[in-house]
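Peer 1: My file is data-v1.cif. It has mmCIF, C-alpha atoms and all ligand atoms:
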```
data_final
#
loop_
_atom_site.group_PDB
_atom_site.id
_atom_site.type_symbol
_atom_site.label_atom_id
_atom_site.label_comp_id
_atom_site.auth_asym_id
_atom_site.auth_seq_id
_atom_site.Cartn_x
_atom_site.Cartn_y
_atom_site.Cartn_z
ATOM 1 C CA MET W 1 143.823 -306.782 104.181
ATOM 2 C CA LYS W 2 143.949 -310.411 103.051
ATOM 3 C CA PHE W 3 145.785 -313.053 105.077
ATOM 4 C CA PHE W 4 149.446 -312.323 104.219
ATOM 5 C CA ASP W 5 148.081 -310.452 101.220
ATOM 6 C CA PHE W 6 147.266 -313.675 99.375
ATOM 7 C CA ASN W 7 145.236 -313.405 96.196
ATOM 8 C CA GLU W 8 141.497 -314.151 96.270
ATOM 9 C CA LYS W 9 141.109 -316.046 93.023
ATOM 10 C CA ILE W 10 140.951 -319.849 93.215
ATOM 11 C CA LYS W 11 143.017 -321.486 90.471
ATOM 12 C CA ASP W 12 143.738 -325.066 89.372
ATOM 13 C CA ASP W 13 146.874 -325.209 91.512
ATOM 14 C CA THR W 14 145.341 -323.568 94.615
ATOM 15 C CA GLN W 15 145.933 -325.764 97.644
ATOM 16 C CA PHE W 16 144.426 -323.798 100.550
ATOM 17 C CA VAL W 17 141.357 -321.555 100.651
ATOM 18 C CA ILE W 18 141.110 -319.277 103.670
ATOM 19 C CA PHE W 19 137.788 -317.748 104.634
ATOM 20 C CA GLY W 20 136.376 -316.091 107.732
ATOM 21 C CA ILE W 21 133.114 -316.693 109.557
ATOM 22 C CA PRO W 22 132.474 -313.460 111.497
ATOM 23 C CA TRP W 23 129.867 -314.978 113.779
ATOM 24 C CA ASP W 24 129.743 -315.297 117.584
ATOM 25 C CA TYR W 25 125.997 -315.468 118.263
ATOM 26 C CA LEU W 26 126.224 -319.018 119.652
ATOM 27 C CA THR W 27 128.837 -318.302 122.280
ATOM 28 C CA SER W 28 127.631 -318.739 125.860
ATOM 29 C CA ILE W 29 128.949 -315.469 127.302
ATOM 30 C CA ASP W 30 128.719 -311.869 126.088
ATOM 31 C CA LEU W 31 132.305 -310.933 126.919
ATOM 32 C CA PRO W 32 134.226 -312.083 123.828
ATOM 33 C CA ASN W 33 133.734 -310.648 120.344
ATOM 34 C CA SER W 34 135.183 -313.385 118.185
ATOM 35 C CA SER W 35 133.102 -312.148 115.239
ATOM 36 C CA ILE W 36 135.811 -309.577 114.487
ATOM 37 C CA ALA W 37 138.630 -312.152 114.765
ATOM 38 C CA PRO W 38 138.872 -312.974 111.039
ATOM 39 C CA GLU W 39 139.587 -309.342 110.253
ATOM 40 C CA SER W 40 141.902 -308.831 113.247
ATOM 41 C CA ILE W 41 143.939 -311.953 112.520
ATOM 42 C CA ARG W 42 144.347 -310.949 108.873
ATOM 43 C CA ASN W 43 145.456 -307.477 109.946
ATOM 44 C CA VAL W 44 148.373 -308.669 112.106
ATOM 45 C CA THR W 45 149.863 -310.540 109.133
ATOM 46 C CA ASN W 46 150.892 -307.122 107.850
ATOM 47 C CA ASP W 47 153.251 -306.727 110.807
ATOM 48 C CA ILE W 48 154.837 -310.145 111.230
ATOM 49 C CA GLY W 49 157.654 -311.572 109.113
ATOM 50 C CA TRP W 50 156.717 -313.241 105.848
ATOM 51 C CA THR W 51 158.740 -316.412 106.336
ATOM 52 C CA THR W 52 157.841 -319.524 108.284
ATOM 53 C CA GLU W 53 159.943 -320.564 111.233
ATOM 54 C CA MET W 54 161.702 -323.132 109.052
ATOM 55 C CA GLY W 55 162.586 -320.500 106.475
ATOM 56 C CA ASP W 56 159.993 -320.832 103.725
ATOM 57 C CA HIS W 57 158.816 -317.696 101.983
ATOM 58 C CA ILE W 58 155.142 -317.453 102.851
ATOM 59 C CA THR W 59 154.337 -315.979 99.439
ATOM 60 C CA LYS W 60 155.294 -319.258 97.727
ATOM 61 C CA PHE W 61 152.416 -321.235 99.231
ATOM 62 C CA LYS W 62 149.356 -321.847 97.036
ATOM 63 C CA VAL W 63 146.916 -320.051 99.313
ATOM 64 C CA VAL W 64 143.980 -317.810 98.508
ATOM 65 C CA ASP W 65 141.904 -315.751 100.909
ATOM 66 C CA VAL W 66 138.347 -315.384 99.644
ATOM 67 C CA GLY W 67 137.227 -313.136 102.496
ATOM 68 C CA ASP W 68 134.383 -313.558 104.955
ATOM 69 C CA ILE W 69 131.099 -315.395 104.555
ATOM 70 C CA SER W 70 128.203 -313.012 104.915
ATOM 71 C CA ILE W 71 126.355 -313.845 108.120
ATOM 72 C CA GLN W 72 123.000 -312.797 109.573
ATOM 73 C CA LYS W 73 123.736 -312.771 113.255
ATOM 74 C CA VAL W 74 120.683 -314.479 114.774
ATOM 75 C CA ASN W 75 119.434 -316.558 111.844
ATOM 76 C CA VAL W 76 121.143 -319.863 112.655
ATOM 77 C CA GLU W 77 119.502 -322.128 110.074
ATOM 78 C CA LYS W 78 120.063 -319.611 107.295
ATOM 79 C CA ASN W 79 123.719 -319.232 108.247
ATOM 80 C CA LEU W 80 124.234 -322.992 108.278
ATOM 81 C CA ASN W 81 122.844 -323.121 104.729
ATOM 82 C CA THR W 82 124.920 -320.165 103.626
ATOM 83 C CA ILE W 83 128.133 -321.663 105.000
ATOM 84 C CA GLU W 84 127.515 -325.115 103.537
ATOM 85 C CA ASN W 85 126.675 -323.628 100.129
ATOM 86 C CA PHE W 86 129.759 -321.434 100.299
ATOM 87 C CA ILE W 87 132.041 -324.435 100.869
ATOM 88 C CA ARG W 88 130.258 -326.488 98.213
ATOM 89 C CA ASP W 89 130.971 -323.662 95.759
ATOM 90 C CA LEU W 90 134.661 -323.704 96.730
ATOM 91 C CA TYR W 91 134.853 -327.408 95.962
ATOM 92 C CA GLU W 92 133.085 -326.818 92.667
ATOM 93 C CA GLU W 93 135.850 -324.462 91.656
ATOM 94 C CA ASN W 94 138.561 -326.919 92.718
ATOM 95 C CA GLU W 95 137.678 -330.210 94.386
ATOM 96 C CA TYR W 96 141.137 -330.679 95.887
ATOM 97 C CA ILE W 97 141.335 -327.506 97.961
ATOM 98 C CA ILE W 98 141.884 -327.561 101.715
ATOM 99 C CA PRO W 99 139.427 -325.200 103.457
ATOM 100 C CA VAL W 100 140.940 -323.086 106.246
ATOM 101 C CA MET W 101 138.316 -321.321 108.361
ATOM 102 C CA ILE W 102 138.954 -318.477 110.774
ATOM 103 C CA GLY W 103 136.129 -318.049 113.328
ATOM 104 C CA GLY W 104 134.072 -316.885 115.014
ATOM 105 C CA ASP W 105 133.017 -318.923 118.022
ATOM 106 C CA HIS W 106 133.534 -322.670 118.014
ATOM 107 C CA PHE W 107 130.082 -323.374 116.600
ATOM 108 C CA CYS W 108 131.344 -321.999 113.261
ATOM 109 C CA SER W 109 133.273 -325.267 112.926
ATOM 110 C CA TYR W 110 130.068 -327.319 112.753
ATOM 111 C CA PRO W 111 128.907 -326.497 109.196
ATOM 112 C CA VAL W 112 132.526 -326.513 107.995
ATOM 113 C CA ILE W 113 133.330 -329.984 109.350
ATOM 114 C CA LYS W 114 130.004 -331.219 107.970
ATOM 115 C CA SER W 115 130.820 -329.861 104.506
ATOM 116 C CA VAL W 116 134.365 -331.246 104.527
ATOM 117 C CA GLY W 117 133.231 -334.617 105.882
ATOM 118 C CA ASP W 118 130.447 -334.868 103.299
ATOM 119 C CA HIS W 119 133.007 -334.117 100.570
ATOM 120 C CA VAL W 120 135.400 -336.888 101.647
ATOM 121 C CA ILE W 121 134.666 -339.924 99.484
ATOM 122 C CA ASN W 122 135.795 -342.642 101.878
ATOM 123 C CA LYS W 123 134.023 -341.716 105.121
ATOM 124 C CA LYS W 124 135.671 -344.636 106.946
ATOM 125 C CA GLU W 125 139.024 -342.905 106.581
ATOM 126 C CA PHE W 126 137.822 -339.534 107.906
ATOM 127 C CA GLY W 127 138.594 -338.351 111.421
ATOM 128 C CA VAL W 128 138.294 -335.145 113.455
ATOM 129 C CA LEU W 129 140.884 -333.855 115.922
ATOM 130 C CA ILE W 130 139.781 -331.023 118.219
ATOM 131 C CA LEU W 131 142.203 -328.991 120.339
ATOM 132 C CA ASP W 132 140.187 -327.414 123.124
ATOM 133 C CA SER W 133 140.261 -326.810 126.858
ATOM 134 C CA HIS W 134 136.620 -327.922 126.824
ATOM 135 C CA LEU W 135 134.838 -331.014 125.609
ATOM 136 C CA ASP W 136 131.972 -328.884 124.194
ATOM 137 C CA PHE W 137 129.873 -331.988 124.682
ATOM 138 C CA TYR W 138 126.649 -330.647 126.159
ATOM 139 C CA GLN W 139 123.513 -331.981 124.482
ATOM 140 C CA LYS W 140 121.930 -328.504 124.663
ATOM 141 C CA TRP W 141 123.074 -325.149 125.927
ATOM 142 C CA ASP W 142 121.641 -321.677 126.159
ATOM 143 C CA LYS W 143 119.884 -321.206 122.788
ATOM 144 C CA GLY W 144 119.439 -324.942 122.138
ATOM 145 C CA VAL W 145 121.240 -327.811 120.419
ATOM 146 C CA TYR W 146 123.384 -325.369 118.439
ATOM 147 C CA SER W 147 125.985 -323.705 120.662
ATOM 148 C CA HIS W 148 129.727 -323.399 120.941
ATOM 149 C CA ALA W 149 129.341 -325.635 124.029
ATOM 150 C CA THR W 150 127.644 -328.427 121.997
ATOM 151 C CA ILE W 151 129.870 -328.418 118.907
ATOM 152 C CA SER W 152 131.741 -331.667 119.658
ATOM 153 C CA HIS W 153 128.448 -333.412 120.380
ATOM 154 C CA ARG W 154 126.936 -332.200 117.109
ATOM 155 C CA ILE W 155 129.987 -333.514 115.226
ATOM 156 C CA PHE W 156 129.632 -336.831 117.065
ATOM 157 C CA ASP W 157 126.018 -336.972 115.807
ATOM 158 C CA PHE W 158 127.189 -337.243 112.172
ATOM 159 C CA ALA W 159 126.540 -340.712 110.728
ATOM 160 C CA TYR W 160 130.238 -341.208 109.944
ATOM 161 C CA ILE W 161 131.642 -339.895 113.253
ATOM 162 C CA ASN W 162 132.051 -342.162 116.267
ATOM 163 C CA ASN W 163 134.282 -342.589 119.299
ATOM 164 C CA ASN W 164 137.038 -344.133 117.156
ATOM 165 C CA ASN W 165 137.497 -341.194 114.794
ATOM 166 C CA LEU W 166 136.823 -338.167 117.019
ATOM 167 C CA LEU W 167 139.487 -337.120 119.523
ATOM 168 C CA ILE W 168 139.606 -334.032 121.755
ATOM 169 C CA VAL W 169 142.976 -332.970 123.183
ATOM 170 C CA GLY W 170 143.988 -330.319 125.717
ATOM 171 C CA ALA W 171 140.863 -330.746 127.857
ATOM 172 C CA ARG W 172 140.989 -329.237 131.344
ATOM 173 C CA ASP W 173 137.698 -327.414 132.035
ATOM 174 C CA ILE W 174 134.948 -330.031 131.926
ATOM 175 C CA ASP W 175 131.607 -329.714 133.636
ATOM 176 C CA ILE W 176 129.790 -332.683 135.167
ATOM 177 C CA PRO W 177 126.807 -332.945 132.726
ATOM 178 C CA GLU W 178 129.003 -333.022 129.621
ATOM 179 C CA LEU W 179 131.487 -335.393 131.259
ATOM 180 C CA GLU W 180 128.647 -337.784 132.015
ATOM 181 C CA ILE W 181 127.498 -337.717 128.390
ATOM 182 C CA ALA W 182 131.052 -338.096 127.100
ATOM 183 C CA GLU W 183 131.698 -341.028 129.430
ATOM 184 C CA SER W 184 128.444 -342.765 128.524
ATOM 185 C CA GLU W 185 129.349 -342.465 124.821
ATOM 186 C CA ASN W 186 132.950 -343.492 125.570
ATOM 187 C CA ILE W 187 134.286 -340.344 123.899
ATOM 188 C CA LYS W 188 138.091 -340.327 123.742
ATOM 189 C CA TYR W 189 139.949 -337.275 124.953
ATOM 190 C CA LEU W 190 143.394 -336.427 126.257
ATOM 191 C CA SER W 191 143.526 -334.171 129.277
ATOM 192 C CA ALA W 192 146.031 -331.332 129.247
ATOM 193 C CA TYR W 193 147.751 -332.709 132.371
ATOM 194 C CA GLN W 194 148.811 -335.821 130.457
ATOM 195 C CA LEU W 195 151.486 -333.610 128.897
ATOM 196 C CA THR W 196 153.423 -334.138 132.120
ATOM 197 C CA GLU W 197 154.343 -337.526 130.628
ATOM 198 C CA GLY W 198 156.131 -335.694 127.816
ATOM 199 C CA LEU W 199 155.175 -334.117 124.503
ATOM 200 C CA ASN W 200 156.352 -337.022 122.339
ATOM 201 C CA SER W 201 154.265 -339.512 124.237
ATOM 202 C CA TYR W 202 151.273 -337.149 124.003
ATOM 203 C CA ILE W 203 151.676 -336.840 120.238
ATOM 204 C CA GLU W 204 152.150 -340.589 119.919
ATOM 205 C CA LYS W 205 148.805 -341.095 121.661
ATOM 206 C CA ILE W 206 147.112 -338.784 119.126
ATOM 207 C CA ILE W 207 148.701 -340.458 116.121
ATOM 208 C CA SER W 208 148.108 -344.027 117.289
ATOM 209 C CA PHE W 209 144.457 -343.225 118.118
ATOM 210 C CA PHE W 210 143.756 -342.344 114.480
ATOM 211 C CA LYS W 211 146.105 -344.965 112.965
ATOM 212 C CA ASN W 212 144.393 -347.687 114.972
ATOM 213 C CA SER W 213 141.129 -346.606 113.327
ATOM 214 C CA ASN W 214 142.715 -346.559 109.839
ATOM 215 C CA ILE W 215 142.105 -342.832 109.471
ATOM 216 C CA HIS W 216 143.866 -341.131 106.551
ATOM 217 C CA ASN W 217 141.966 -337.857 106.199
ATOM 218 C CA LEU W 218 141.956 -335.621 109.218
ATOM 219 C CA TYR W 219 140.095 -332.391 109.917
ATOM 220 C CA VAL W 220 141.658 -330.318 112.714
ATOM 221 C CA SER W 221 139.714 -327.764 114.759
ATOM 222 C CA ILE W 222 141.795 -325.485 116.972
ATOM 223 C CA ASP W 223 140.005 -323.632 119.748
ATOM 224 C CA ILE W 224 142.528 -321.002 120.813
ATOM 225 C CA ASP W 225 141.682 -321.731 124.463
ATOM 226 C CA ALA W 226 143.504 -325.048 124.084
ATOM 227 C CA LEU W 227 146.606 -322.893 124.470
ATOM 228 C CA ASP W 228 147.521 -321.457 127.830
ATOM 229 C CA PRO W 229 145.901 -318.080 128.615
ATOM 230 C CA SER W 230 149.351 -316.724 129.482
ATOM 231 C CA ILE W 231 150.084 -316.764 125.742
ATOM 232 C CA ALA W 232 146.489 -316.595 124.472
ATOM 233 C CA PRO W 233 144.712 -314.100 126.755
ATOM 234 C CA GLY W 234 142.361 -312.926 124.002
ATOM 235 C CA THR W 235 139.582 -315.477 124.388
ATOM 236 C CA GLY W 236 136.414 -315.898 126.448
ATOM 237 C CA PHE W 237 137.543 -318.631 128.841
ATOM 238 C CA ALA W 238 140.984 -318.185 130.397
ATOM 239 C CA ILE W 239 141.661 -321.642 131.829
ATOM 240 C CA PRO W 240 145.139 -322.341 133.231
ATOM 241 C CA GLY W 241 147.264 -325.329 132.267
ATOM 242 C CA GLY W 242 147.050 -325.140 128.464
ATOM 243 C CA PHE W 243 149.487 -325.927 125.671
ATOM 244 C CA THR W 244 152.431 -323.727 124.817
ATOM 245 C CA TYR W 245 152.741 -322.412 121.265
ATOM 246 C CA ARG W 246 155.661 -324.781 120.666
ATOM 247 C CA GLU W 247 153.693 -327.800 121.836
ATOM 248 C CA VAL W 248 150.831 -327.066 119.460
ATOM 249 C CA TRP W 249 153.337 -326.299 116.694
ATOM 250 C CA LYS W 250 154.897 -329.749 117.137
ATOM 251 C CA ILE W 251 151.534 -331.511 117.381
ATOM 252 C CA LEU W 252 150.438 -329.897 114.087
ATOM 253 C CA LYS W 253 153.770 -330.676 112.422
ATOM 254 C CA ASP W 254 153.641 -334.354 113.367
ATOM 255 C CA ILE W 255 150.010 -334.914 112.463
ATOM 256 C CA ALA W 256 150.550 -333.187 109.090
ATOM 257 C CA GLU W 257 153.343 -335.698 108.459
ATOM 258 C CA ASN W 258 151.148 -338.650 109.385
ATOM 259 C CA PHE W 259 147.765 -337.793 107.863
ATOM 260 C CA GLU W 260 146.205 -336.023 104.910
ATOM 261 C CA ILE W 261 144.785 -332.845 106.412
ATOM 262 C CA THR W 262 141.479 -332.198 104.609
ATOM 263 C CA GLY W 263 140.685 -328.932 106.352
ATOM 264 C CA PHE W 264 141.237 -327.006 109.528
ATOM 265 C CA ASP W 265 139.977 -324.057 111.511
ATOM 266 C CA LEU W 266 141.029 -321.706 114.251
ATOM 267 C CA VAL W 267 138.260 -320.311 116.431
ATOM 268 C CA GLU W 268 137.400 -318.394 119.616
ATOM 269 C CA VAL W 269 139.962 -315.578 119.351
ATOM 270 C CA ALA W 270 138.380 -312.483 120.955
ATOM 271 C CA PRO W 271 140.323 -309.396 119.807
ATOM 272 C CA ASN W 272 138.572 -307.176 122.387
ATOM 273 C CA LEU W 273 140.138 -309.255 125.172
ATOM 274 C CA ASP W 274 143.585 -309.406 123.558
ATOM 275 C CA LEU W 275 146.584 -307.439 124.784
ATOM 276 C CA LYS W 276 147.413 -304.126 123.096
ATOM 277 C CA ASN W 277 150.319 -305.825 121.306
ATOM 278 C CA LYS W 278 147.797 -308.275 119.738
ATOM 279 C CA MET W 279 149.577 -311.281 121.135
ATOM 280 C CA THR W 280 146.643 -313.694 120.664
ATOM 281 C CA CYS W 281 146.023 -312.583 117.073
ATOM 282 C CA ASN W 282 149.737 -313.015 116.324
ATOM 283 C CA LEU W 283 149.619 -316.473 117.859
ATOM 284 C CA ALA W 284 146.596 -317.385 115.736
ATOM 285 C CA ALA W 285 148.161 -316.077 112.509
ATOM 286 C CA LYS W 286 151.392 -317.966 113.242
ATOM 287 C CA LEU W 287 149.616 -321.252 113.950
ATOM 288 C CA ILE W 288 147.602 -320.971 110.733
ATOM 289 C CA ILE W 289 150.557 -320.234 108.459
ATOM 290 C CA GLU W 290 152.873 -322.753 110.143
ATOM 291 C CA PHE W 291 150.221 -325.486 109.808
ATOM 292 C CA ILE W 292 149.761 -324.533 106.143
ATOM 293 C CA SER W 293 153.520 -324.877 105.628
ATOM 294 C CA PHE W 294 153.630 -328.339 107.245
ATOM 295 C CA ILE W 295 150.826 -329.576 104.975
ATOM 296 C CA ALA W 296 152.221 -327.913 101.833
ATOM 297 C CA ASN W 297 155.758 -329.132 102.371
ATOM 298 C CA LYS W 298 154.592 -332.681 102.931
ATOM 299 C CA ASN W 299 152.479 -332.825 99.772
ATOM 300 C CA LYS W 300 155.345 -331.412 97.738
ATOM 301 C CA LEU W 301 157.446 -334.572 98.279
HETATM 302 MN MN MN Z 1 135.572 -325.019 122.052
#
```
Have the structure of the file written as C-alpha cells, please.
Ligand SMILES: [Mn+2]
Peer 2:
Amino acid sequence: MKFFDFNEKIKDDTQFVIFGIPWDYLTSIDLPNSSIAPESIRNVTNDIGWTTEMGDHITKFKVVDVGDISIQKVNVEKNLNTIENFIRDLYEENEYIIPVMIGGDHFCSYPVIKSVGDHVINKKEFGVLILDSHLDFYQKWDKGVYSHATISHRIFDFAYINNNNLLIVGARDIDIPELEIAESENIKYLSAYQLTEGLNSYIEKIISFFKNSNIHNLYVSIDIDALDPSIAPGTGFAIPGGFTYREVWKILKDIAENFEITGFDLVEVAPNLDLKNKMTCNLAAKLIIEFISFIANKNKL
C-alpha cells in the first residue's frame, strides 16, 4: 500500500515525494519498533477518509510515494550514505520537490535535514523547526555521537545551523546533561507548558523567532512524542503534557502560511505500542496529509 495510494513516479509537476526510512537501530530503548512505522502509517490511509479536514480531495495533491529506502540495520555510515544519495537522486529527477520522510527513530531525520539543507541555495534563509518532547541534545549517547538522543545536536553542528535558525518546541522531558549543553550554546526552545499562555501566542513566538532571523525556507521535524501520549500512545517515551492534535494542526497551518516548507518528517511512531485501533498511526497519517494540504494550497495562490 502506498500513502493514500499515490503513484510512485516523479513527474515535472510533482510537489511532494514521500519515502520511508525503516530504521530504529539508533533508538535508546528496545521497546519501540519504529522501523515498521512507514508501512503501518501507509496502511491506515486505506481506512481513513480521502479528504482533508478543510474539504480538499486528497487525490488532487501532487504527491508521490517512492517507498522505503533500503537499510542495513547496524551499518550506520553506509545508511547515511544511502539516504543522502537517495535524496540527491530525488532532486536530480525534480529539483523543486519537497521531501516528506516517515521514520524510523528520530536519528533518521539527520541525513534528511542534511540533504535538504545542502540543497537549499541560500543557507542564510534556511531554518529547522523540531517538535519534540525532548531536546535530543546530548553530545553522545549509547552507541556514540549518532543517536536519536543526539539528533538536534548533530543538526546544530552543521555549518549553516546556529541558535538563531534552530528551534525546538514542545519540550518537557529534558535531562540535566543535555540541558547544560543547550544552555551553554544558548539553544532556543519553547517548553510545552508555555502553551498555558495560549496557542496563538505560542505560534507567534515560533513565527517571530524565524522571521527575526530572516528565515524563508523551513524544514520541520515532527517527533510524535511532541503530542500528548493520551492521543499518541504508540511511541517509546510517553511523557505527559504534550500538544493536542488540533494544536499541532494549527501550528503547521500557520507556519506553512508564513514560510516556504522545504521538507518535513514524522518520526518515532512505534506501531507495536499503538492501540488496537491504530490511533497513533491514524494521527501520524492525518498530520502528514494535512501539512501537505497547507503547503500545497499556499503555493497554489
Ligand atoms: Mn526526538
Peer 1: Please measure the separation of CA of Asp175 (chain W) and CA of Ser133 (chain W), giving the value in Å to one decimal.
Peer 2: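 Interatomic distance here is 11.4 Å.
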Peer 1: Could you give me, as CSV, every chain W residue with an atom at most 8 Å from ligand MN 1 (chain Z), plus its closest atom pair and distance in Å to one decimal, counting all atoms listed in the file, rows ordered by chain then number?
Peer 2:
```
residue,atom,partner,partner_atom,distance
W:Asp105,CA,Z:MN1,MN,7.7
W:His106,CA,Z:MN1,MN,5.1
W:Phe107,CA,Z:MN1,MN,7.9
W:Leu131,CA,Z:MN1,MN,7.9
W:Asp132,CA,Z:MN1,MN,5.3
W:Ser133,CA,Z:MN1,MN,6.9
W:His134,CA,Z:MN1,MN,5.7
W:Leu135,CA,Z:MN1,MN,7.0
W:Asp136,CA,Z:MN1,MN,5.7
W:His148,CA,Z:MN1,MN,6.2
W:Ala149,CA,Z:MN1,MN,6.6
W:Ile151,CA,Z:MN1,MN,7.3
W:Asp223,CA,Z:MN1,MN,5.2
W:Asp225,CA,Z:MN1,MN,7.3
W:Val267,CA,Z:MN1,MN,7.8
W:Glu268,CA,Z:MN1,MN,7.3
```
Peer 1: Considering all atoms listed in the file, return as a PDB file with C-alpha atoms, keeping the file's coordinate frame whatever protein or nucleic-acid residues lie within 10 Å of Ile48 (chain W), sequence-local ones (same chain, fewer than 2 positions apart) excluded.
Peer 2:
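The result, written out as result-v5.pdb:
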```pdb
ATOM      1  CA  PHE W   4     149.446-312.323 104.219  1.00  0.00           C
ATOM      2  CA  ASN W  43     145.456-307.477 109.946  1.00  0.00           C
ATOM      3  CA  VAL W  44     148.373-308.669 112.106  1.00  0.00           C
ATOM      4  CA  THR W  45     149.863-310.540 109.133  1.00  0.00           C
ATOM      5  CA  ASN W  46     150.892-307.122 107.850  1.00  0.00           C
ATOM      6  CA  TRP W  50     156.717-313.241 105.848  1.00  0.00           C
ATOM      7  CA  THR W  51     158.740-316.412 106.336  1.00  0.00           C
ATOM      8  CA  ASN W 282     149.737-313.015 116.324  1.00  0.00           C
ATOM      9  CA  ALA W 285     148.161-316.077 112.509  1.00  0.00           C
ATOM     10  CA  LYS W 286     151.392-317.966 113.242  1.00  0.00           C
TER      11      LYS W 286
END
```
Peer 1: So what do you get for CA of Lys298 (chain W) versus CA of Thr262 (chain W), distance-wise?
Peer 2: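 Here the two named atoms are 13.2 Å from each other.
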Peer 1: Which residue gives the smallest distance to Asp89 (chain W) among W:Ile10, W:Leu273, W:Val76, W:Leu167, with all atoms listed in the file counted?
Peer 2: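 Counting all atoms listed in the file, the residue closest to Asp89 (chain W) is W:Ile10.
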Peer 1: Can you turn the PyMOL selection byres (((chain W and resi 279-281) around 9) and not hetatm) into a concrete residue list for this file, as a list in words?
Peer 2: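 When the PyMOL selection byres (((chain W and resi 279-281) around 9) and not hetatm) is applied to the shown file, the picked residues are Ala37, Ser40, Ile41, Arg42, Asn43, Val44, Ile224, Ile231, Ala232, Pro233, Gly234, Thr235, Val269, Ala270, Pro271, Asp274, Leu275, Lys276, Asn277, Lys278, Asn282, Leu283, Ala284, Ala285 and Lys286 of chain W.
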Peer 1: Quick one: which residues end up in the PyMOL selection byres (((chain W and resi 56) around 12) and not hetatm) for this structure, as a list in words?
Peer 2: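 Matching residues under the PyMOL selection byres (((chain W and resi 56) around 12) and not hetatm) are Gly49, Trp50, Thr51, Thr52, Glu53, Met54, Gly55, His57, Ile58, Thr59, Lys60, Phe61, Ile289, Glu290, Ile292, Ser293, Phe294, Ala296 and Asn297 of chain W.
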Peer 1: Using all atoms listed in the file, can you tell me which of W:Lys205, W:Ser70, W:Ala171, W:Lys2 comes closest to Asp228 (chain W)?
Peer 2: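 That would be W:Ala171, the residue with the smallest distance to Asp228 (chain W).
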Peer 1: Identify all residues satisfying the PyMOL selection byres (((chain W and resi 18-21) around 8) and not hetatm) in the given file; provide them as a PyMOL selection string.
Peer 2: chain W and resi 3+16-17+22-23+35+38-39+63-71+99-104+108
Peer 1: From the list W:Ile222, W:Val128, W:Ile215, W:Ala192, which residue is nearest Pro240 (chain W) when using only C-alpha atoms?
Peer 2: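 Once distances to Pro240 (chain W) are computed over only C-alpha atoms, the minimum belongs to W:Ala192.
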Peer 1: For Tyr138 (chain W), which residue among W:Ile255, W:Arg88, W:Leu179, W:Val120 is the nearest when counting only C-alpha atoms?
Peer 2: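 Smallest separation from Tyr138 (chain W) among the options: W:Leu179.
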Peer 1: Just the number, please: distance in Å from CA of Ala256 (chain W) to CA of Asp173 (chain W), one decimal.
Peer 2: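 Spanning CA of Ala256 (chain W) to CA of Asp173 (chain W) is a straight-line distance of 26.9 Å.
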Peer 1: Around all listed atoms of region 292-296 of chain W, padded 6 Å per side, what centre and edge lengths does the axis-aligned box have in Å to one decimal, as lines of an AutoDock Vina configuration file?
Peer 2:
```
center_x = 151.7
center_y = -327.1
center_z = 104.5
size_x = 15.9
size_y = 17.0
size_z = 17.4
```
Peer 1: Using only C-alpha atoms, which of the listed residues (W:Asp157, W:Glu204, W:Asp142, W:Asp13) sits closest to Asn94 (chain W)?
Peer 2: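 The closest residue to Asn94 (chain W) is W:Asp13.
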Peer 1: Which residue gives the smallest distance to Lys62 (chain W) among W:Tyr202, W:Phe137, W:Trp249, W:Phe6, with all atoms listed in the file counted?
Peer 2: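 Closest candidate: W:Phe6.
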